[in-house]
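The file model21.txt comes next; it holds compact mmCIF, C-alpha atoms.
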```txt
# COMPACT_ATOMS: atom_id res chain seq x y z
CA MET J 1 -9.86 -4.82 -5.32
CA GLN J 2 -9.69 -6.19 -1.81
CA ALA J 3 -8.89 -9.75 -2.83
CA LEU J 4 -5.89 -8.54 -4.79
CA HIS J 5 -4.66 -6.49 -1.86
CA ARG J 6 -4.66 -9.51 0.39
CA LEU J 7 -2.67 -11.56 -2.08
CA THR J 8 -0.07 -8.93 -2.82
CA SER J 9 0.72 -8.65 0.86
CA LEU J 10 2.34 -12.10 0.86
CA PRO J 11 6.11 -12.05 1.44
CA ARG J 12 8.45 -12.85 -1.43
CA LEU J 13 10.21 -16.18 -1.14
CA VAL J 14 13.10 -17.62 -3.12
CA PRO J 15 12.20 -20.96 -4.75
CA ARG J 16 14.08 -24.02 -3.53
CA VAL J 17 13.58 -27.27 -5.44
CA VAL J 18 14.16 -30.49 -3.54
CA PRO J 19 15.53 -32.98 -6.12
CA SER J 20 15.12 -35.99 -3.87
CA LEU J 21 11.36 -35.54 -4.02
CA ILE J 22 11.30 -35.76 -7.83
CA PRO J 23 12.03 -39.03 -9.68
CA ARG J 24 15.13 -38.44 -11.81
CA ALA J 25 13.76 -40.55 -14.64
CA ALA J 26 10.69 -38.37 -14.96
CA PHE J 27 11.96 -34.87 -14.32
CA SER J 28 14.86 -32.59 -15.08
CA VAL J 29 15.17 -29.87 -12.48
CA SER J 30 16.63 -26.42 -13.05
CA SER J 31 19.15 -24.98 -10.65
CA VAL J 32 18.03 -22.70 -7.87
CA VAL J 33 17.31 -19.17 -9.12
CA ASN J 34 18.26 -16.32 -6.82
CA HIS J 35 15.84 -13.46 -7.32
CA LYS J 36 17.09 -10.04 -8.28
CA PRO J 37 16.10 -7.12 -6.03
CA ASN J 38 13.42 -6.05 -8.52
CA ALA J 39 11.98 -9.52 -9.03
CA ARG J 40 8.86 -8.69 -7.08
CA LYS J 41 8.08 -5.83 -9.46
CA GLN J 42 8.09 -8.34 -12.30
CA LEU J 43 5.31 -10.35 -10.67
CA GLN J 44 1.77 -9.10 -11.08
CA GLY J 45 -0.59 -9.77 -8.19
CA THR J 46 0.43 -12.15 -5.45
CA GLY J 47 4.20 -11.99 -5.70
CA ALA J 48 4.06 -15.43 -4.07
CA VAL J 49 6.97 -17.73 -4.93
CA PRO J 50 7.19 -21.29 -3.58
CA GLN J 51 9.85 -22.72 -1.33
CA ARG J 52 9.83 -26.01 -3.17
CA VAL J 53 8.05 -27.92 -5.91
CA GLY J 54 7.82 -31.67 -6.16
CA LEU J 55 5.91 -34.74 -7.29
CA ALA J 56 3.07 -35.52 -4.90
CA ASN J 57 2.17 -38.80 -6.65
CA ASP J 58 1.72 -40.11 -10.19
CA LYS J 59 -1.21 -37.74 -10.75
CA GLN J 60 -0.24 -34.54 -8.95
CA ILE J 61 2.49 -31.97 -8.43
CA TYR J 62 2.78 -30.09 -5.18
CA VAL J 63 3.85 -26.49 -4.67
CA ASP J 64 5.02 -25.65 -1.16
CA TRP J 65 4.32 -21.99 -0.41
CA ASN J 66 5.29 -20.02 2.65
CA ALA J 67 3.21 -19.91 5.85
CA ARG J 68 2.96 -23.70 5.88
CA LYS J 69 0.68 -23.74 2.84
CA THR J 70 1.04 -26.45 0.21
CA SER J 71 -1.02 -26.72 -2.97
CA THR J 72 -1.42 -29.80 -5.11
CA PHE J 73 -2.30 -29.62 -8.80
CA HIS J 74 -3.38 -32.53 -10.98
CA HIS J 75 -1.23 -33.14 -14.05
CA PHE J 76 -4.34 -33.30 -16.20
CA TRP J 77 -5.66 -30.02 -14.76
CA LEU J 78 -2.36 -28.30 -15.47
CA ARG J 79 -2.27 -29.48 -19.08
CA ASP J 80 -5.92 -28.55 -19.52
CA HIS J 81 -5.16 -25.02 -18.23
CA CYS J 82 -2.10 -24.25 -20.30
CA HIS J 83 -2.17 -20.58 -21.33
CA CYS J 84 0.39 -20.62 -24.11
CA ASP J 85 -0.68 -19.04 -27.41
CA GLN J 86 -1.47 -22.47 -28.89
CA CYS J 87 -3.80 -23.38 -26.03
CA TYR J 88 -5.26 -19.99 -25.10
CA HIS J 89 -5.94 -17.18 -27.54
CA PRO J 90 -3.90 -14.15 -26.41
CA ILE J 91 -6.43 -11.65 -27.79
CA THR J 92 -9.85 -13.21 -27.20
CA ARG J 93 -8.80 -14.94 -23.95
CA GLN J 94 -10.66 -18.06 -25.01
CA ARG J 95 -9.51 -21.64 -24.63
CA LEU J 96 -8.09 -23.33 -27.74
CA VAL J 97 -6.88 -26.56 -26.15
CA ASP J 98 -8.99 -29.63 -26.89
CA THR J 99 -9.60 -31.04 -23.43
CA PHE J 100 -10.84 -34.34 -24.80
CA THR J 101 -7.62 -35.22 -26.65
CA ILE J 102 -5.52 -35.01 -23.46
CA PRO J 103 -4.77 -38.44 -21.94
CA ARG J 104 -6.33 -38.62 -18.50
CA ASP J 105 -3.16 -40.20 -17.12
CA ILE J 106 -0.83 -37.60 -18.64
CA GLN J 107 2.36 -36.81 -16.73
CA PRO J 108 5.02 -34.16 -17.41
CA VAL J 109 8.40 -35.49 -18.49
CA ALA J 110 10.32 -32.49 -17.19
CA THR J 111 9.77 -29.62 -14.79
CA ASP J 112 11.68 -26.42 -14.22
CA SER J 113 11.12 -24.10 -11.29
CA THR J 114 12.00 -20.64 -12.60
CA GLU J 115 11.77 -17.14 -11.22
CA GLU J 116 8.78 -16.53 -13.46
CA GLY J 117 6.87 -19.71 -12.75
CA LEU J 118 6.59 -23.46 -13.11
CA ARG J 119 7.59 -24.72 -16.56
CA LEU J 120 6.42 -28.21 -17.55
CA THR J 121 7.33 -30.28 -20.59
CA TRP J 122 4.76 -32.83 -21.71
CA PRO J 123 5.30 -36.20 -23.50
CA ASP J 124 4.60 -34.69 -26.94
CA GLY J 125 7.20 -31.97 -26.36
CA HIS J 126 4.66 -29.24 -25.63
CA GLN J 127 5.79 -26.78 -22.95
CA SER J 128 3.57 -24.93 -20.49
CA LEU J 129 4.49 -22.06 -18.18
CA TYR J 130 2.37 -21.38 -15.10
CA LEU J 131 3.11 -18.09 -13.36
CA TRP J 132 3.50 -18.41 -9.60
CA ASP J 133 0.88 -15.80 -8.84
CA TRP J 134 -1.55 -17.48 -11.26
CA LEU J 135 -1.02 -20.82 -9.49
CA HIS J 136 -1.50 -19.23 -6.09
CA THR J 137 -4.67 -17.42 -7.18
CA HIS J 138 -6.18 -20.58 -8.66
CA SER J 139 -5.03 -23.07 -6.04
CA TYR J 140 -7.93 -25.44 -5.44
CA SER J 141 -6.39 -28.02 -3.11
CA PRO J 142 -6.54 -26.18 -0.84
CA VAL J 143 -8.18 -22.88 -1.82
CA LEU J 144 -5.75 -20.15 -0.76
CA ARG J 145 -7.62 -17.06 -1.94
CA SER J 146 -9.69 -15.35 0.73
CA SER J 147 -12.44 -14.29 -1.68
CA GLU J 148 -13.62 -14.77 -5.25
CA PRO J 149 -10.89 -13.19 -7.44
CA LEU J 150 -13.37 -11.25 -9.55
CA GLN J 151 -15.49 -10.08 -6.64
CA GLY J 152 -16.17 -6.37 -6.63
CA LYS J 153 -15.76 -3.93 -3.80
CA LEU J 154 -17.08 -5.17 -0.49
CA PRO J 155 -20.37 -3.39 0.29
CA LYS J 156 -20.50 -0.79 3.05
CA LEU J 157 -23.88 -0.88 4.73
CA TRP J 158 -25.70 2.37 5.42
CA ASP J 159 -28.76 3.93 7.00
CA VAL J 160 -30.21 7.44 7.08
CA SER J 161 -26.90 8.80 8.39
CA ILE J 162 -25.50 8.51 4.88
CA ALA J 163 -27.41 11.74 4.14
CA LYS J 164 -24.60 13.65 5.90
CA ASN J 165 -22.13 12.54 3.24
CA LEU J 166 -23.94 11.31 0.15
CA PRO J 167 -21.93 9.37 -2.45
CA THR J 168 -21.74 12.05 -5.12
CA VAL J 169 -19.91 12.71 -8.39
CA GLU J 170 -20.00 15.53 -10.92
CA PHE J 171 -21.55 14.97 -14.34
CA GLU J 172 -18.60 16.57 -16.14
CA GLN J 173 -16.07 14.41 -14.30
CA VAL J 174 -17.94 11.21 -15.11
CA MET J 175 -18.38 12.13 -18.76
CA GLU J 176 -14.86 13.41 -19.46
CA THR J 177 -12.44 11.47 -17.23
CA LYS J 178 -11.70 7.86 -16.48
CA GLU J 179 -11.09 8.74 -12.85
CA GLY J 180 -14.58 10.26 -12.60
CA LEU J 181 -16.09 7.12 -14.11
CA LYS J 182 -14.00 4.95 -11.81
CA GLU J 183 -15.17 6.87 -8.73
CA TRP J 184 -18.79 6.62 -9.87
CA LEU J 185 -18.57 2.86 -10.25
CA TYR J 186 -16.69 2.56 -6.95
CA GLN J 187 -19.57 4.29 -5.18
CA LEU J 188 -22.10 2.01 -6.86
CA GLU J 189 -20.23 -1.16 -5.90
CA THR J 190 -19.55 0.04 -2.37
CA PHE J 191 -22.77 1.83 -1.36
CA GLY J 192 -25.14 0.61 -4.05
CA ILE J 193 -26.10 4.19 -4.86
CA SER J 194 -24.56 7.35 -6.29
CA PHE J 195 -25.88 10.83 -7.00
CA VAL J 196 -24.66 12.77 -10.04
CA GLU J 197 -24.69 16.55 -9.76
CA ASN J 198 -25.15 19.20 -12.46
CA VAL J 199 -26.66 16.94 -15.09
CA PRO J 200 -28.17 18.92 -17.97
CA ILE J 201 -31.93 18.72 -17.53
CA THR J 202 -32.67 16.80 -20.72
CA ILE J 203 -33.44 13.20 -21.46
CA GLU J 204 -30.61 13.18 -24.02
CA ALA J 205 -27.93 14.20 -21.49
CA THR J 206 -29.30 11.69 -18.98
CA GLU J 207 -29.05 8.93 -21.57
CA GLN J 208 -25.46 9.91 -22.39
CA LEU J 209 -24.66 9.66 -18.69
CA GLY J 210 -26.13 6.19 -18.44
CA ARG J 211 -24.29 4.95 -21.50
CA ARG J 212 -20.98 5.70 -19.78
CA ILE J 213 -21.66 2.44 -17.96
CA SER J 214 -23.28 0.26 -20.60
CA PHE J 215 -26.08 -0.01 -23.11
CA LEU J 216 -29.59 0.38 -21.73
CA ARG J 217 -31.86 -2.57 -21.06
CA GLU J 218 -35.04 -2.64 -23.05
CA SER J 219 -38.26 -3.71 -21.39
CA HIS J 220 -42.00 -3.59 -21.94
CA TYR J 221 -41.85 -0.01 -20.63
CA SER J 222 -39.59 1.30 -23.40
CA LYS J 223 -36.81 0.51 -25.84
CA GLY J 224 -34.30 2.40 -23.70
CA MET J 225 -34.94 5.61 -21.76
CA TRP J 226 -38.39 5.94 -20.26
CA CYS J 227 -40.38 8.76 -18.71
CA VAL J 228 -42.71 8.35 -15.74
CA ALA J 229 -45.61 10.75 -15.26
CA ALA J 230 -48.98 10.46 -13.55
CA ASP J 231 -50.75 9.60 -16.79
CA LEU J 232 -51.23 5.80 -16.56
CA SER J 233 -49.53 5.45 -19.92
CA HIS J 234 -48.66 2.04 -18.48
CA ALA J 235 -50.97 0.14 -16.17
CA ASP J 236 -48.59 0.42 -13.22
CA THR J 237 -48.90 2.36 -9.95
CA ALA J 238 -45.61 4.14 -10.79
CA TYR J 239 -47.65 6.06 -13.38
CA THR J 240 -50.00 7.54 -10.75
CA THR J 241 -49.66 10.10 -7.94
CA LEU J 242 -49.92 7.39 -5.28
CA PRO J 243 -47.12 6.77 -2.76
CA LEU J 244 -44.84 3.80 -3.40
CA ASP J 245 -43.37 1.77 -0.55
CA ALA J 246 -39.73 0.74 -0.75
CA HIS J 247 -39.29 -1.99 -3.33
CA THR J 248 -36.99 -3.33 -6.02
CA ASP J 249 -38.05 -3.32 -9.66
CA ASN J 250 -38.50 -6.26 -12.00
CA THR J 251 -39.16 -9.00 -9.43
CA TYR J 252 -41.24 -10.56 -12.21
CA PHE J 253 -38.19 -10.87 -14.50
CA THR J 254 -36.08 -13.99 -14.31
CA GLU J 255 -33.14 -11.60 -14.04
CA PRO J 256 -34.10 -8.19 -12.65
CA SER J 257 -32.27 -5.16 -14.02
CA GLY J 258 -28.95 -4.61 -12.30
CA LEU J 259 -29.00 -0.83 -12.11
CA GLN J 260 -31.72 1.80 -12.32
CA MET J 261 -31.32 5.52 -12.98
CA PHE J 262 -33.69 8.43 -12.21
CA HIS J 263 -33.55 12.09 -13.21
CA LYS J 264 -36.44 14.43 -12.48
CA LEU J 265 -36.94 16.72 -15.46
CA GLU J 266 -40.10 18.62 -14.49
CA VAL J 267 -42.01 19.27 -11.28
CA ASP J 268 -45.07 21.44 -10.70
CA GLY J 269 -46.75 20.52 -7.45
CA THR J 270 -45.97 19.27 -3.98
CA GLY J 271 -44.59 16.02 -2.57
CA GLY J 272 -43.07 13.21 -4.59
CA ASP J 273 -39.77 12.97 -2.71
CA SER J 274 -37.75 9.85 -3.51
CA LEU J 275 -37.02 7.13 -0.95
CA PHE J 276 -33.99 4.82 -0.83
CA VAL J 277 -33.20 2.00 1.60
CA ASP J 278 -30.13 -0.23 1.78
CA GLY J 279 -31.64 -3.71 1.49
CA PHE J 280 -28.38 -5.37 2.57
CA ASN J 281 -28.45 -3.36 5.79
CA VAL J 282 -32.08 -4.29 6.44
CA ALA J 283 -31.24 -7.94 5.79
CA GLU J 284 -28.35 -7.75 8.25
CA GLU J 285 -30.63 -6.27 10.92
CA LEU J 286 -33.20 -8.98 10.27
CA LYS J 287 -30.56 -11.70 10.56
CA LYS J 288 -29.44 -10.38 13.95
CA LEU J 289 -32.98 -9.89 15.24
CA SER J 290 -34.41 -13.19 14.01
CA PRO J 291 -32.26 -15.81 12.29
CA THR J 292 -35.42 -17.82 11.75
CA ALA J 293 -37.13 -15.02 9.84
CA TYR J 294 -33.97 -14.45 7.81
CA ARG J 295 -33.83 -18.14 6.92
CA THR J 296 -37.52 -18.12 5.94
CA LEU J 297 -37.12 -15.19 3.53
CA SER J 298 -34.00 -16.86 2.11
CA ASN J 299 -35.78 -20.13 1.38
CA THR J 300 -39.37 -19.22 0.57
CA ARG J 301 -39.98 -18.70 -3.13
CA ILE J 302 -42.38 -15.83 -3.86
CA PRO J 303 -44.26 -15.76 -7.19
CA SER J 304 -44.57 -12.39 -8.93
CA HIS J 305 -45.98 -10.94 -12.13
CA SER J 306 -46.43 -7.93 -14.37
CA ALA J 307 -49.82 -8.03 -16.04
CA GLY J 308 -51.30 -4.53 -16.11
CA ASP J 309 -50.87 -3.76 -19.80
CA GLU J 310 -53.29 -5.62 -22.04
CA ASP J 311 -50.63 -7.43 -24.05
CA ILE J 312 -48.30 -8.18 -21.13
CA LEU J 313 -48.16 -11.18 -18.78
CA ILE J 314 -44.63 -11.55 -17.45
CA VAL J 315 -43.64 -14.08 -14.79
CA PRO J 316 -40.15 -15.32 -13.93
CA THR J 317 -38.64 -18.75 -14.55
CA PRO J 318 -38.81 -20.53 -12.19
CA ARG J 319 -42.12 -19.11 -11.04
CA GLY J 320 -40.82 -17.61 -7.82
CA TYR J 321 -37.65 -16.46 -6.07
CA PRO J 322 -36.84 -15.75 -2.42
CA ILE J 323 -36.68 -12.17 -1.19
CA LEU J 324 -33.10 -12.81 -0.04
CA ASN J 325 -30.87 -14.62 -2.54
CA HIS J 326 -27.46 -16.06 -1.70
CA GLY J 327 -24.51 -17.43 -3.65
CA PRO J 328 -22.80 -20.80 -3.09
CA ASP J 329 -20.56 -19.08 -0.52
CA GLY J 330 -23.60 -18.13 1.55
CA GLN J 331 -23.19 -14.41 0.83
CA LEU J 332 -26.28 -12.34 0.13
CA PHE J 333 -26.05 -11.02 -3.43
CA GLN J 334 -29.60 -9.98 -4.29
CA VAL J 335 -32.72 -8.57 -2.68
CA ARG J 336 -35.85 -8.87 -4.80
CA TYR J 337 -38.91 -7.49 -3.07
CA ASN J 338 -42.04 -5.76 -4.28
CA ASN J 339 -45.13 -6.59 -2.26
CA ASN J 340 -47.32 -4.93 -4.90
CA ASP J 341 -46.13 -7.31 -7.62
CA ARG J 342 -46.49 -10.46 -5.51
CA SER J 343 -48.75 -13.09 -7.06
CA THR J 344 -51.09 -15.37 -5.11
CA VAL J 345 -49.14 -17.38 -2.56
CA ASP J 346 -50.82 -20.79 -2.81
CA HIS J 347 -47.87 -23.18 -2.70
CA LEU J 348 -47.06 -23.18 1.02
CA SER J 349 -48.37 -25.44 3.75
CA SER J 350 -50.29 -23.93 6.66
CA SER J 351 -47.20 -23.87 8.90
CA GLN J 352 -45.00 -22.52 6.13
CA LEU J 353 -47.53 -19.78 5.43
CA GLU J 354 -47.52 -18.68 9.08
CA GLU J 355 -43.70 -18.61 9.09
CA PHE J 356 -43.65 -16.60 5.87
CA TYR J 357 -46.06 -13.92 7.10
CA ASP J 358 -44.26 -13.67 10.45
CA ALA J 359 -40.96 -13.11 8.63
CA LEU J 360 -42.52 -10.73 6.09
CA PHE J 361 -44.01 -8.52 8.82
CA LEU J 362 -40.67 -8.29 10.59
CA TRP J 363 -38.90 -7.48 7.31
CA SER J 364 -41.43 -4.72 6.59
CA LYS J 365 -41.05 -3.28 10.09
CA ILE J 366 -37.29 -2.93 9.72
CA LEU J 367 -37.64 -1.67 6.15
CA LYS J 368 -39.97 1.13 7.25
CA ASP J 369 -37.92 2.14 10.28
CA LYS J 370 -37.16 5.85 9.89
CA LYS J 371 -33.49 5.30 10.69
CA ASN J 372 -33.17 3.20 7.54
CA GLU J 373 -34.95 5.60 5.16
CA LEU J 374 -33.02 8.04 2.99
CA TRP J 375 -35.34 10.68 1.52
CA ASN J 376 -34.21 13.06 -1.22
CA THR J 377 -36.07 15.67 -3.26
CA LEU J 378 -34.02 14.66 -6.30
CA ASP J 379 -34.23 18.15 -7.76
CA PRO J 380 -33.78 18.61 -11.53
CA GLY J 381 -30.08 18.49 -12.33
CA ARG J 382 -29.38 15.75 -9.78
CA ALA J 383 -29.58 12.21 -11.17
CA VAL J 384 -29.35 9.08 -9.07
CA ILE J 385 -28.28 5.61 -10.09
CA PHE J 386 -28.57 2.63 -7.78
CA ASP J 387 -28.10 -1.11 -7.52
CA ASN J 388 -31.53 -2.65 -8.09
CA TRP J 389 -30.28 -5.91 -6.54
CA ARG J 390 -29.57 -4.14 -3.27
CA VAL J 391 -31.17 -0.71 -2.83
CA LEU J 392 -34.94 -0.46 -2.55
CA HIS J 393 -36.65 2.70 -3.72
CA GLY J 394 -40.03 4.37 -3.34
CA ARG J 395 -41.66 7.78 -3.31
CA ALA J 396 -44.07 9.97 -1.43
CA ALA J 397 -47.49 10.82 -2.85
CA PHE J 398 -47.62 14.05 -4.80
CA THR J 399 -49.97 16.57 -6.33
CA GLY J 400 -49.65 18.27 -9.67
CA GLN J 401 -47.24 17.08 -12.33
CA ARG J 402 -43.91 15.31 -11.99
CA LYS J 403 -41.91 14.01 -14.94
CA LEU J 404 -39.09 11.60 -14.23
CA CYS J 405 -36.89 10.00 -16.86
CA GLY J 406 -34.81 6.91 -16.25
CA ALA J 407 -33.38 3.68 -17.53
CA TYR J 408 -32.52 0.11 -16.63
CA PHE J 409 -29.08 -1.46 -17.06
CA PRO J 410 -28.08 -5.14 -17.31
CA TRP J 411 -26.31 -6.52 -14.25
CA ASP J 412 -23.52 -8.34 -16.08
CA ASP J 413 -22.62 -5.37 -18.26
CA TYR J 414 -22.55 -3.02 -15.26
CA LYS J 415 -20.23 -5.39 -13.37
CA SER J 416 -18.05 -5.84 -16.45
CA ARG J 417 -17.60 -2.09 -16.73
CA ALA J 418 -16.78 -1.81 -13.03
CA ARG J 419 -14.08 -4.50 -13.33
CA THR J 420 -12.43 -3.17 -16.47
CA VAL J 421 -12.02 0.39 -15.18
CA ARG J 422 -10.10 -0.83 -12.14
CA MET J 423 -8.16 -3.74 -13.66
CA THR J 424 -5.21 -4.02 -16.01
CA PRO J 425 -4.93 -6.54 -18.88
CA GLN J 426 -2.42 -8.40 -16.69
CA ASP J 427 -5.03 -8.63 -13.93
CA LYS J 428 -7.41 -10.21 -16.44
CA ASP J 429 -4.87 -12.84 -17.41
CA ARG J 430 -4.07 -13.69 -13.81
CA LEU J 431 -7.66 -13.94 -12.62
CA LEU J 432 -9.18 -15.94 -15.49
```
Now, as a test, write the supplied structure out as structure tokens.
Amino acid sequence: MQALHRLTSLPRLVPRVVPSLIPRAAFSVSSVVNHKPNARKQLQGTGAVPQRVGLANDKQIYVDWNARKTSTFHHFWLRDHCHCDQCYHPITRQRLVDTFTIPRDIQPVATDSTEEGLRLTWPDGHQSLYLWDWLHTHSYSPVLRSSEPLQGKLPKLWDVSIAKNLPTVEFEQVMETKEGLKEWLYQLETFGISFVENVPITIEATEQLGRRISFLRESHYSKGMWCVAADLSHADTAYTTLPLDAHTDNTYFTEPSGLQMFHKLEVDGTGGDSLFVDGFNVAEELKKLSPTAYRTLSNTRIPSHSAGDEDILIVPTPRGYPILNHGPDGQLFQVRYNNNDRSTVDHLSSSQLEEFYDALFLWSKILKDKKNELWNTLDPGRAVIFDNWRVLHGRAAFTGQRKLCGAYFPWDDYKSRARTVRMTPQDKDRLL
């Protein structure tokens, strides 16, 4: 995890408490602890140890780190975030402390700066220990971490050149080893797509593969695995022989499926190759080419729907979402685009409508640029799984018969699985 790597690279420092900065009546200070040579091995994560700890004022404690960085922590915040077994369940990792019984003006009566962390004693005799790396990771004044602690692998953008070295894993490795599963999830988080070779050509084996990540997401298409054939068994263009432009699925859901998996089981005809495009790469190109268009597609809410089946009328809440969705940090985290599922756009002013269509045309031009399109025959035995919040997919028109099975997966459960295969229980405790 890149965030962890950055933190662990900090140099180890020996703590030095400055007694003159701490009122004697309020605090008892431990003697300086000289670290043993293996002390760093005892620290999980940052390995950061402060130079000094002191009282900032009657509401805060300060921790002076290396590199001229100083954090301040409110007394109340510290008491509210005690992770002892009485305040934080060691198994469920849920809070037990009653926030609302803590006096807002609480102050510790004693502090000890130890090799392990900062130990505080509260007026009722309760003791709390805050590990140094935990304090460094969760420093909020100022924020010292360079990224969200639970962020996944940073995405690597790609275009058609990825065809020279496709992210690929073997079915047997994924099914039988943790390392195979870990590599599979690494590829998904990094590239947003992964191909699995030598999958038994059955819907049962494909389902077993998918369940290595999480349970399957039910939808109006099926209760789990689904099969797509040109039979209009659902009133959706996917169930025809028509070509499908690059799109993401489920734009009409409030939360689109996080992952999607395909495995072609039968083919008797011509055409029908599968198309994949890295939406994050297209968005990056759009941003460089026209910041105005990028801003328009980030701010304009687009209504969508699924209404083909007689007993189905699905729309998201709220009614529309932008094509490009960003987090509070300004980072793009989701592309949701399917021009076929777009509802009537009747909520924009005349000038806004012009801006939207200008931006949409430019987006489509980049999306359909041959250098951004990855085409694959997806022969039986090769499954593909991809990030539906990032990678757009489509297909060429075909003749004859083509049977494709697949499944949807919930975003949160996919990300949970990706975290737990690369993290230790100690990582969990430090990052939560």
Using only C-alpha atoms, find the one residue out of J:Gly180, J:Gly271, J:Pro328, J:Pro380 that sits nearest to Val421 (chain J).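 Selected residue with least distance to Val421 (chain J): J:Gly180.
Take CA of Thr121 (chain J) and CA of His83 (chain J): the distance between them is 13.6 Å.
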What's the 8 Å shell around Leu129 (chain J), counting all atoms listed in the file, without same-chain residues fewer than 6 positions away, as a VMD selection string? chain J and resid 82 to 84 117 to 120
Rounded to one decimal, what separation in Å do you get between CA of Ala407 (chain J) and CA of Glu310 (chain J)? 22.4 Å
At a cut-off of 10 Å, using all atoms listed in the file, what residues contact Ala238 (chain J)? Leave out same-chain residues fewer than 5 positions from it and give the result as a PyMOL selection string. chain J and resi 228-232+243-244+394-395
Once you count all atoms listed in the file, what closest atom pair and distance in Å to one decimal does each residue of region 312-350 of chain J within 8 Å of region 283-299 of chain J have, with rows by chain and rising residue number, as JSON lines?
```
{"residue": "J:Pro322", "atom": "CA", "partner": "J:Ser298", "partner_atom": "CA", "distance": 5.5}
{"residue": "J:Ile323", "atom": "CA", "partner": "J:Leu297", "partner_atom": "CA", "distance": 5.6}
{"residue": "J:Leu324", "atom": "CA", "partner": "J:Ser298", "partner_atom": "CA", "distance": 4.7}
{"residue": "J:Asn325", "atom": "CA", "partner": "J:Ser298", "partner_atom": "CA", "distance": 6.0}
{"residue": "J:His326", "atom": "CA", "partner": "J:Ser298", "partner_atom": "CA", "distance": 7.6}
```
Filtering to C-alpha atoms, could you give me those residues as a tab-separated table (two decimals), in the coordinates of the input?
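Result file is again.tsv:
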```
chain	number	residue	atom	x	y	z
J	322	PRO	CA	-36.84	-15.75	-2.42
J	323	ILE	CA	-36.68	-12.17	-1.19
J	324	LEU	CA	-33.10	-12.81	-0.04
J	325	ASN	CA	-30.87	-14.62	-2.54
J	326	HIS	CA	-27.46	-16.06	-1.70
```
With only C-alpha atoms as the atoms that count, which of J:Pro303, J:Phe276, J:Pro142, J:Tyr130 lies nearest to Lys371 (chain J)?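 The closest residue to Lys371 (chain J) is J:Phe276.
Closest approach to Pro256 (chain J) from the set J:His81, J:Arg301, J:Arg336, J:His393 is made by J:Arg336, with distances taken over all atoms listed in the file.
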So which residues touch Arg93 (chain J) within 12 Å, counting all atoms listed in the file, skipping near sequence neighbours fewer than 6 positions away, as an MDAnalysis selection string? chainID J and resid 83:87 425:426 428:432
